[in-house]
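Undergrad: One structure coming up, written as structure tokens, with questions to follow.
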Amino acid sequence: MCLGYTIEVMMFCGNFLHTPHSIFSSSRLQLSSSSSSSSRFSISCSQMDTHNNQGRSKFLELPFVSAPHKNLMLDLVSTLEDRLQSHLLPCSLPPDVQYYKNNSGSSQISLHITPGNTHSPVDFVLGSWVHSELPTGGSLDITSISAYLKTSNDAPNFAFDLIRSSPTMLLLVLDLPPRKDLVLSPEYLKTFYEDTELDKHRQALEKVHEVQPYFSSSLFIRAFASPTAIYVRVQTENDGGERLDEILRDHIGPISKQVLGIWLDHCACAEREVGEEERAYLRKRDGFVRNKTVEVDLGTSFPRLFGQEGADKLLDAIKKYFTV
């Protein structure tokens, strides 16, 4: 679930949700000592590690989506883990936040957030899936991966969302949202969007017959997106979802993996020198975007899905990571 597009999903599906963009657990704490206090601490860490493994396993189950949808998510997660593993700390979310469902069981969420370590350019990675039963008898399924960089690196972030409201309808959000004004930063535009030829992936996807550009009614979403953002709606014939899964496997999958590869090579793993003045600007801009995501976007949608008590629990956990 890609944080930042909840309102967008509610627009897309009527009166329902969209959640946040993240994932996994990578490096493991290995602590031991002969003293009794250290032993108790080791047991606590072991229990936390068990909860992390259970939470990660729950996220990777992706129990409500089709095989091509699940395979794409697992491929993206695996690629991120392989490249960023040495940069990430274990997830420390409470077990009842890593997986939560409302009282009626009609809405479920799996949430995994892994922060970057001290020397990492990555602030945190967030992966999630959301499943919500609709009054119409269908369901809304959202799977998301997003990655946020620290102010020591001014490169774009990564955002990926698949929102499926029926077997034959899907919304894809795939973008490297900029963190600087592109008009005032032509070098930034050239480095991350022109030289990487990101726009060719959007153009290729829109050549598929069933794929149409999707224009958000939210001006903030449009302003937030990059000029090469892939915002598309896929609508297929009523064939039980076979054609949509084919498009996922043959078109959306390869393009999503290529865009993630570009982000890893040119953004997350590229060294960027950022001065203190630029860092102050990034702190202000990143802080505004994240606050708007949590307070306005998720703060509106989560209570509808999980009730106020559940929403407060989830949002409190998310806010700790969204502070710049």
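In the structure tokens, the first chain shown is A, the next is B, and so on; residue numbers restart at 1 for each chain, and ligands run from 1 in the order shown.
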Could you give me, as JSON, numbers by chain, the residues within 12 Å of Tyr321 of chain A, counting only C-alpha atoms and dropping anything in the same chain fewer than 2 positions from it?
TA: {"A": [3, 22, 91, 92, 93, 112, 113, 114, 115, 116, 122, 123, 124, 125, 126, 147, 148, 149, 150, 287, 290, 291, 294, 314, 315, 316, 317, 318, 319, 323, 324]}
Undergrad: Go through segment 91-224 of chain A and collect every residue that DSSP, computed from the backbone, puts in strand (DSSP E or B); the answer should be as a PyMOL selection string.
TA: chain A and resi 99-101+107-116+122-133+139-149+158-166+169-175+211-213
Undergrad: Restricted to C-alpha atoms, what would the selected residues look like written as an mmCIF file, in the first residue's frame?
TA:
data_model
loop_
_atom_site.group_PDB
_atom_site.id
_atom_site.type_symbol
_atom_site.label_atom_id
_atom_site.label_comp_id
_atom_site.auth_asym_id
_atom_site.auth_seq_id
_atom_site.Cartn_x
_atom_site.Cartn_y
_atom_site.Cartn_z
ATOM 1 C CA TYR A 99 -1.142 -7.501 10.886
ATOM 2 C CA TYR A 100 -4.505 -6.026 11.857
ATOM 3 C CA LYS A 101 -8.138 -6.632 11.003
ATOM 4 C CA SER A 107 -10.926 -5.253 6.438
ATOM 5 C CA GLN A 108 -7.381 -6.532 6.945
ATOM 6 C CA ILE A 109 -3.976 -4.951 6.635
ATOM 7 C CA SER A 110 -0.436 -6.292 6.659
ATOM 8 C CA LEU A 111 2.110 -3.568 7.311
ATOM 9 C CA HIS A 112 5.883 -3.873 7.376
ATOM 10 C CA ILE A 113 8.283 -0.969 7.849
ATOM 11 C CA THR A 114 12.060 -1.317 7.916
ATOM 12 C CA PRO A 115 14.149 1.747 8.792
ATOM 13 C CA GLY A 116 17.539 2.489 7.329
ATOM 14 C CA VAL A 122 17.317 5.109 2.920
ATOM 15 C CA ASP A 123 15.075 6.517 5.639
ATOM 16 C CA PHE A 124 12.672 3.588 5.575
ATOM 17 C CA VAL A 125 10.916 1.129 3.279
ATOM 18 C CA LEU A 126 7.238 0.439 3.674
ATOM 19 C CA GLY A 127 5.352 -2.501 2.217
ATOM 20 C CA SER A 128 1.763 -3.517 2.724
ATOM 21 C CA TRP A 129 -1.361 -5.169 1.485
ATOM 22 C CA VAL A 130 -4.935 -4.213 2.289
ATOM 23 C CA HIS A 131 -8.035 -6.325 1.718
ATOM 24 C CA SER A 132 -11.489 -4.892 2.244
ATOM 25 C CA GLU A 133 -14.842 -6.473 1.452
ATOM 26 C CA SER A 139 -13.480 -6.652 -2.612
ATOM 27 C CA LEU A 140 -10.825 -3.971 -2.756
ATOM 28 C CA ASP A 141 -7.238 -5.201 -2.754
ATOM 29 C CA ILE A 142 -4.266 -2.860 -2.545
ATOM 30 C CA THR A 143 -0.627 -3.894 -2.560
ATOM 31 C CA SER A 144 2.091 -1.300 -2.139
ATOM 32 C CA ILE A 145 5.793 -0.785 -1.834
ATOM 33 C CA SER A 146 7.379 2.583 -1.213
ATOM 34 C CA ALA A 147 10.842 3.719 -0.236
ATOM 35 C CA TYR A 148 11.812 7.045 1.301
ATOM 36 C CA LEU A 149 15.306 8.522 1.260
ATOM 37 C CA PHE A 158 9.973 5.201 -5.032
ATOM 38 C CA ALA A 159 6.231 4.537 -5.125
ATOM 39 C CA PHE A 160 4.364 1.470 -6.368
ATOM 40 C CA ASP A 161 0.676 0.642 -5.905
ATOM 41 C CA LEU A 162 -1.616 -1.905 -7.453
ATOM 42 C CA ILE A 163 -5.278 -1.301 -6.647
ATOM 43 C CA ARG A 164 -7.734 -3.953 -7.811
ATOM 44 C CA SER A 165 -11.445 -3.391 -7.268
ATOM 45 C CA SER A 166 -12.706 -6.297 -9.405
ATOM 46 C CA MET A 169 -10.361 -3.530 -13.209
ATOM 47 C CA LEU A 170 -7.043 -2.305 -11.856
ATOM 48 C CA LEU A 171 -5.295 0.989 -11.123
ATOM 49 C CA LEU A 172 -1.501 1.182 -11.257
ATOM 50 C CA VAL A 173 0.577 3.928 -9.650
ATOM 51 C CA LEU A 174 4.290 3.708 -10.428
ATOM 52 C CA ASP A 175 6.486 6.730 -9.905
ATOM 53 C CA VAL A 211 -4.645 0.413 -20.672
ATOM 54 C CA GLN A 212 -5.805 4.012 -20.423
ATOM 55 C CA PRO A 213 -4.187 7.028 -18.699
#
Undergrad: Need the shell around Leu198 of chain A: protein/DNA/RNA residues with any atom at most 10 Å away, counting only C-alpha atoms. Skip same-chain ones fewer than 3 positions apart. Format as number ranges by chain?
TA: A: 175-176, 192-195, 201-203, 227-230, 255, 258-259, 262
Undergrad: Would you mind exporting all heavy atoms of the selected residues as a compact mmCIF listing (two decimals), in the first residue's frame?
TA:
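As written to disk, selection_9.txt reads:
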# COMPACT_ATOMS: atom_id res chain seq x y z
N ASP A 175 5.87 5.42 -9.75
CA ASP A 175 6.49 6.73 -9.90
C ASP A 175 7.74 6.85 -9.06
O ASP A 175 7.93 6.14 -8.08
CB ASP A 175 5.48 7.82 -9.49
CG ASP A 175 5.90 9.22 -9.95
OD1 ASP A 175 6.78 9.32 -10.83
OD2 ASP A 175 5.34 10.20 -9.42
N LEU A 176 8.61 7.77 -9.49
CA LEU A 176 9.72 8.24 -8.68
C LEU A 176 9.40 9.69 -8.35
O LEU A 176 9.82 10.62 -9.07
CB LEU A 176 11.06 8.14 -9.44
CG LEU A 176 11.44 6.79 -10.03
CD1 LEU A 176 12.88 6.84 -10.56
CD2 LEU A 176 11.29 5.66 -9.03
N PHE A 192 17.50 12.35 -13.36
CA PHE A 192 16.60 11.29 -12.89
C PHE A 192 15.47 10.94 -13.85
O PHE A 192 14.90 9.84 -13.75
CB PHE A 192 16.02 11.68 -11.53
CG PHE A 192 17.06 11.80 -10.45
CD1 PHE A 192 17.33 13.03 -9.86
CD2 PHE A 192 17.79 10.70 -10.05
CE1 PHE A 192 18.30 13.14 -8.87
CE2 PHE A 192 18.76 10.80 -9.06
CZ PHE A 192 19.01 12.03 -8.48
N TYR A 193 15.14 11.82 -14.77
CA TYR A 193 13.98 11.56 -15.62
C TYR A 193 14.30 11.52 -17.11
O TYR A 193 13.75 10.69 -17.83
CB TYR A 193 12.89 12.61 -15.34
CG TYR A 193 12.45 12.59 -13.90
CD1 TYR A 193 12.90 13.57 -13.01
CD2 TYR A 193 11.64 11.57 -13.40
CE1 TYR A 193 12.51 13.54 -11.67
CE2 TYR A 193 11.27 11.53 -12.07
CZ TYR A 193 11.70 12.51 -11.21
OH TYR A 193 11.34 12.47 -9.89
N GLU A 194 15.21 12.37 -17.57
CA GLU A 194 15.56 12.36 -18.99
C GLU A 194 16.62 11.31 -19.30
O GLU A 194 16.42 10.47 -20.18
CB GLU A 194 16.03 13.75 -19.43
CG GLU A 194 14.94 14.82 -19.40
CD GLU A 194 15.45 16.18 -19.84
OE1 GLU A 194 16.62 16.28 -20.27
OE2 GLU A 194 14.67 17.15 -19.77
N ASP A 195 17.74 11.36 -18.62
CA ASP A 195 18.83 10.44 -18.92
C ASP A 195 18.45 8.98 -18.66
O ASP A 195 18.97 8.07 -19.31
CB ASP A 195 20.07 10.80 -18.09
CG ASP A 195 20.71 12.11 -18.52
OD1 ASP A 195 20.30 12.63 -19.58
OD2 ASP A 195 21.59 12.61 -17.80
N HIS A 201 8.79 3.90 -20.51
CA HIS A 201 8.04 2.82 -19.86
C HIS A 201 6.55 3.15 -19.81
O HIS A 201 5.70 2.29 -20.04
CB HIS A 201 8.60 2.57 -18.46
CG HIS A 201 10.05 2.20 -18.46
ND1 HIS A 201 10.52 1.03 -19.02
CD2 HIS A 201 11.15 2.87 -18.01
CE1 HIS A 201 11.83 0.97 -18.90
NE2 HIS A 201 12.23 2.08 -18.29
N ARG A 202 6.24 4.40 -19.53
CA ARG A 202 4.84 4.82 -19.55
C ARG A 202 4.28 4.71 -20.96
O ARG A 202 3.16 4.22 -21.16
CB ARG A 202 4.72 6.27 -19.06
CG ARG A 202 3.30 6.83 -19.10
CD ARG A 202 3.28 8.33 -18.83
NE ARG A 202 4.10 9.06 -19.78
CZ ARG A 202 3.69 9.37 -21.01
NH1 ARG A 202 2.49 9.01 -21.43
NH2 ARG A 202 4.49 10.05 -21.82
N GLN A 203 5.05 5.14 -21.95
CA GLN A 203 4.61 5.08 -23.33
C GLN A 203 4.36 3.64 -23.79
O GLN A 203 3.39 3.36 -24.49
CB GLN A 203 5.63 5.77 -24.23
CG GLN A 203 5.77 7.27 -23.98
CD GLN A 203 6.97 7.87 -24.68
OE1 GLN A 203 7.76 7.17 -25.31
NE2 GLN A 203 7.14 9.18 -24.56
N PRO A 227 6.87 14.08 -13.84
CA PRO A 227 6.37 14.18 -15.21
C PRO A 227 6.37 12.84 -15.94
O PRO A 227 5.75 12.72 -17.00
CB PRO A 227 7.34 15.17 -15.87
CG PRO A 227 8.57 15.11 -15.04
CD PRO A 227 8.11 14.84 -13.65
N THR A 228 7.05 11.83 -15.39
CA THR A 228 7.06 10.50 -16.02
C THR A 228 6.22 9.49 -15.24
O THR A 228 6.32 8.29 -15.47
CB THR A 228 8.50 9.98 -16.14
OG1 THR A 228 9.06 9.86 -14.83
CG2 THR A 228 9.36 10.92 -16.96
N ALA A 229 5.42 9.97 -14.31
CA ALA A 229 4.61 9.07 -13.48
C ALA A 229 3.69 8.19 -14.33
O ALA A 229 3.12 8.65 -15.33
CB ALA A 229 3.77 9.89 -12.50
N ILE A 230 3.56 6.95 -13.94
CA ILE A 230 2.64 6.03 -14.61
C ILE A 230 1.39 5.93 -13.76
O ILE A 230 1.39 5.34 -12.68
CB ILE A 230 3.28 4.64 -14.80
CG1 ILE A 230 4.50 4.76 -15.72
CG2 ILE A 230 2.26 3.66 -15.38
CD1 ILE A 230 5.25 3.44 -15.91
N ILE A 255 7.75 -3.80 -16.67
CA ILE A 255 7.97 -2.36 -16.58
C ILE A 255 8.21 -1.94 -15.13
O ILE A 255 9.10 -1.13 -14.84
CB ILE A 255 6.76 -1.61 -17.19
CG1 ILE A 255 6.81 -1.72 -18.71
CG2 ILE A 255 6.76 -0.14 -16.75
CD1 ILE A 255 5.60 -1.18 -19.41
N GLN A 258 11.71 -2.82 -14.12
CA GLN A 258 12.70 -1.94 -14.74
C GLN A 258 12.75 -0.59 -14.03
O GLN A 258 13.84 -0.04 -13.80
CB GLN A 258 12.37 -1.75 -16.22
CG GLN A 258 12.62 -2.99 -17.06
CD GLN A 258 12.18 -2.80 -18.50
OE1 GLN A 258 12.58 -1.85 -19.17
NE2 GLN A 258 11.34 -3.69 -18.99
N VAL A 259 11.59 -0.05 -13.68
CA VAL A 259 11.56 1.25 -12.99
C VAL A 259 12.20 1.13 -11.61
O VAL A 259 12.94 2.01 -11.18
CB VAL A 259 10.12 1.77 -12.90
CG1 VAL A 259 10.05 3.01 -12.01
CG2 VAL A 259 9.58 2.11 -14.30
N ILE A 262 15.90 1.18 -12.01
CA ILE A 262 16.39 2.55 -12.24
C ILE A 262 16.49 3.29 -10.92
O ILE A 262 17.48 3.99 -10.66
CB ILE A 262 15.45 3.29 -13.22
CG1 ILE A 262 15.61 2.70 -14.63
CG2 ILE A 262 15.74 4.79 -13.21
CD1 ILE A 262 14.60 3.23 -15.62
Undergrad: Find the residues around His266 of chain A up to 9 Å (only C-alpha atoms counted), leave out those fewer than 4 positions away in its own chain, and share them as a ChimeraX atom specification.
TA: /A:155,191-192,196,261-262,270-271
Undergrad: Using only C-alpha atoms, which of A:Arg179, A:Lys257, A:Lys313, A:Arg283 sits nearest Pro94 of chain A?
TA: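 When distances to Pro94 of chain A are compared using only C-alpha atoms, the smallest one comes from A:Lys313.
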Undergrad: Just asking: which residues within segment 165-292 of chain A are alpha helix (DSSP H) according to DSSP, as a ChimeraX atom specification?
TA: /A:186-189,199-205,219-224,242-247,253-263,276-292
Undergrad: What does the distance between atom CA of Leu298 of chain A and atom CA of Gly105 of chain A come to in Å, to one decimal place?
TA: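 Straight-line distance from atom CA of Leu298 of chain A to atom CA of Gly105 of chain A works out to 19.4 Å.
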Undergrad: When you draw a straight line from atom CA of Pro95 of chain A to atom CA of Glu295 of chain A, how long is it in Å?
TA: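 That distance, rounded to one decimal, is 23.1 Å.
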Undergrad: Extract, using only C-alpha atoms, all DNA, RNA and protein residues at most 12 Å from segment 275-277 of chain A, discarding same-chain residues fewer than 6 positions from it, and format them as a list in words.
TA: Thr151, Ser152, Asn153, Asp154, Arg283 and Lys284 of chain A
Undergrad: Write a file of the just-selected residues containing all heavy atoms, as a tab-separated table (two decimals), in the first residue's frame.
TA:
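Contents of the output file selection_21.tsv:
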chain	number	residue	atom	x	y	z
A	151	THR	N	17.45	12.98	4.09
A	151	THR	CA	17.81	14.29	3.54
A	151	THR	C	19.28	14.36	3.13
A	151	THR	O	19.70	15.35	2.53
A	151	THR	CB	17.51	15.39	4.56
A	151	THR	OG1	18.23	15.13	5.78
A	151	THR	CG2	16.03	15.48	4.86
A	152	SER	N	20.05	13.32	3.42
A	152	SER	CA	21.43	13.25	2.94
A	152	SER	C	21.50	12.88	1.47
A	152	SER	O	22.56	12.94	0.85
A	152	SER	CB	22.22	12.23	3.77
A	152	SER	OG	21.62	10.96	3.70
A	153	ASN	N	20.37	12.49	0.91
A	153	ASN	CA	20.27	12.12	-0.50
A	153	ASN	C	19.02	12.80	-1.06
A	153	ASN	O	17.91	12.53	-0.59
A	153	ASN	CB	20.18	10.59	-0.63
A	153	ASN	CG	20.20	10.13	-2.08
A	153	ASN	OD1	19.82	10.84	-2.99
A	153	ASN	ND2	20.66	8.89	-2.29
A	154	ASP	N	19.20	13.68	-2.03
A	154	ASP	CA	18.06	14.44	-2.54
A	154	ASP	C	17.35	13.77	-3.72
A	154	ASP	O	16.49	14.37	-4.35
A	154	ASP	CB	18.50	15.85	-2.95
A	154	ASP	CG	19.48	15.85	-4.12
A	154	ASP	OD1	19.93	14.75	-4.52
A	154	ASP	OD2	19.81	16.94	-4.63
A	283	ARG	N	14.10	18.73	4.36
A	283	ARG	CA	13.38	18.45	5.60
A	283	ARG	C	12.01	19.13	5.60
A	283	ARG	O	11.00	18.54	6.00
A	283	ARG	CB	14.20	18.92	6.81
A	283	ARG	CG	15.28	17.96	7.24
A	283	ARG	CD	15.85	18.32	8.61
A	283	ARG	NE	16.59	19.58	8.56
A	283	ARG	CZ	17.89	19.67	8.29
A	283	ARG	NH1	18.59	18.58	8.03
A	283	ARG	NH2	18.50	20.84	8.27
A	284	LYS	N	11.98	20.35	5.13
A	284	LYS	CA	10.72	21.09	5.09
A	284	LYS	C	9.75	20.47	4.09
A	284	LYS	O	8.58	20.24	4.40
A	284	LYS	CB	10.98	22.55	4.74
A	284	LYS	CG	9.74	23.42	4.72
A	284	LYS	CD	10.09	24.88	4.42
A	284	LYS	CE	8.84	25.75	4.40
A	284	LYS	NZ	9.19	27.17	4.10
Undergrad: Quick one: residues within 6 Å of segment 238-252 of chain A, only C-alpha atoms, excluding same-chain residues fewer than 6 positions away - as a list in words?
TA: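 Contacts, in chain order: Pro68, Pro167 and Thr168 of chain A.
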Undergrad: What is the atom CA of Arg285 of chain A to atom CA of Asn157 of chain A distance in Å?
TA: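 That distance, rounded to one decimal, is 12.7 Å.
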Undergrad: Just checking: using only C-alpha atoms, which residue out of A:Tyr231, A:Phe224, A:Phe64, A:Tyr188 ends up closest to Leu205 of chain A?
TA: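 Ranking A:Tyr231, A:Phe224, A:Phe64, A:Tyr188 by distance to Leu205 of chain A, first place goes to A:Tyr231.
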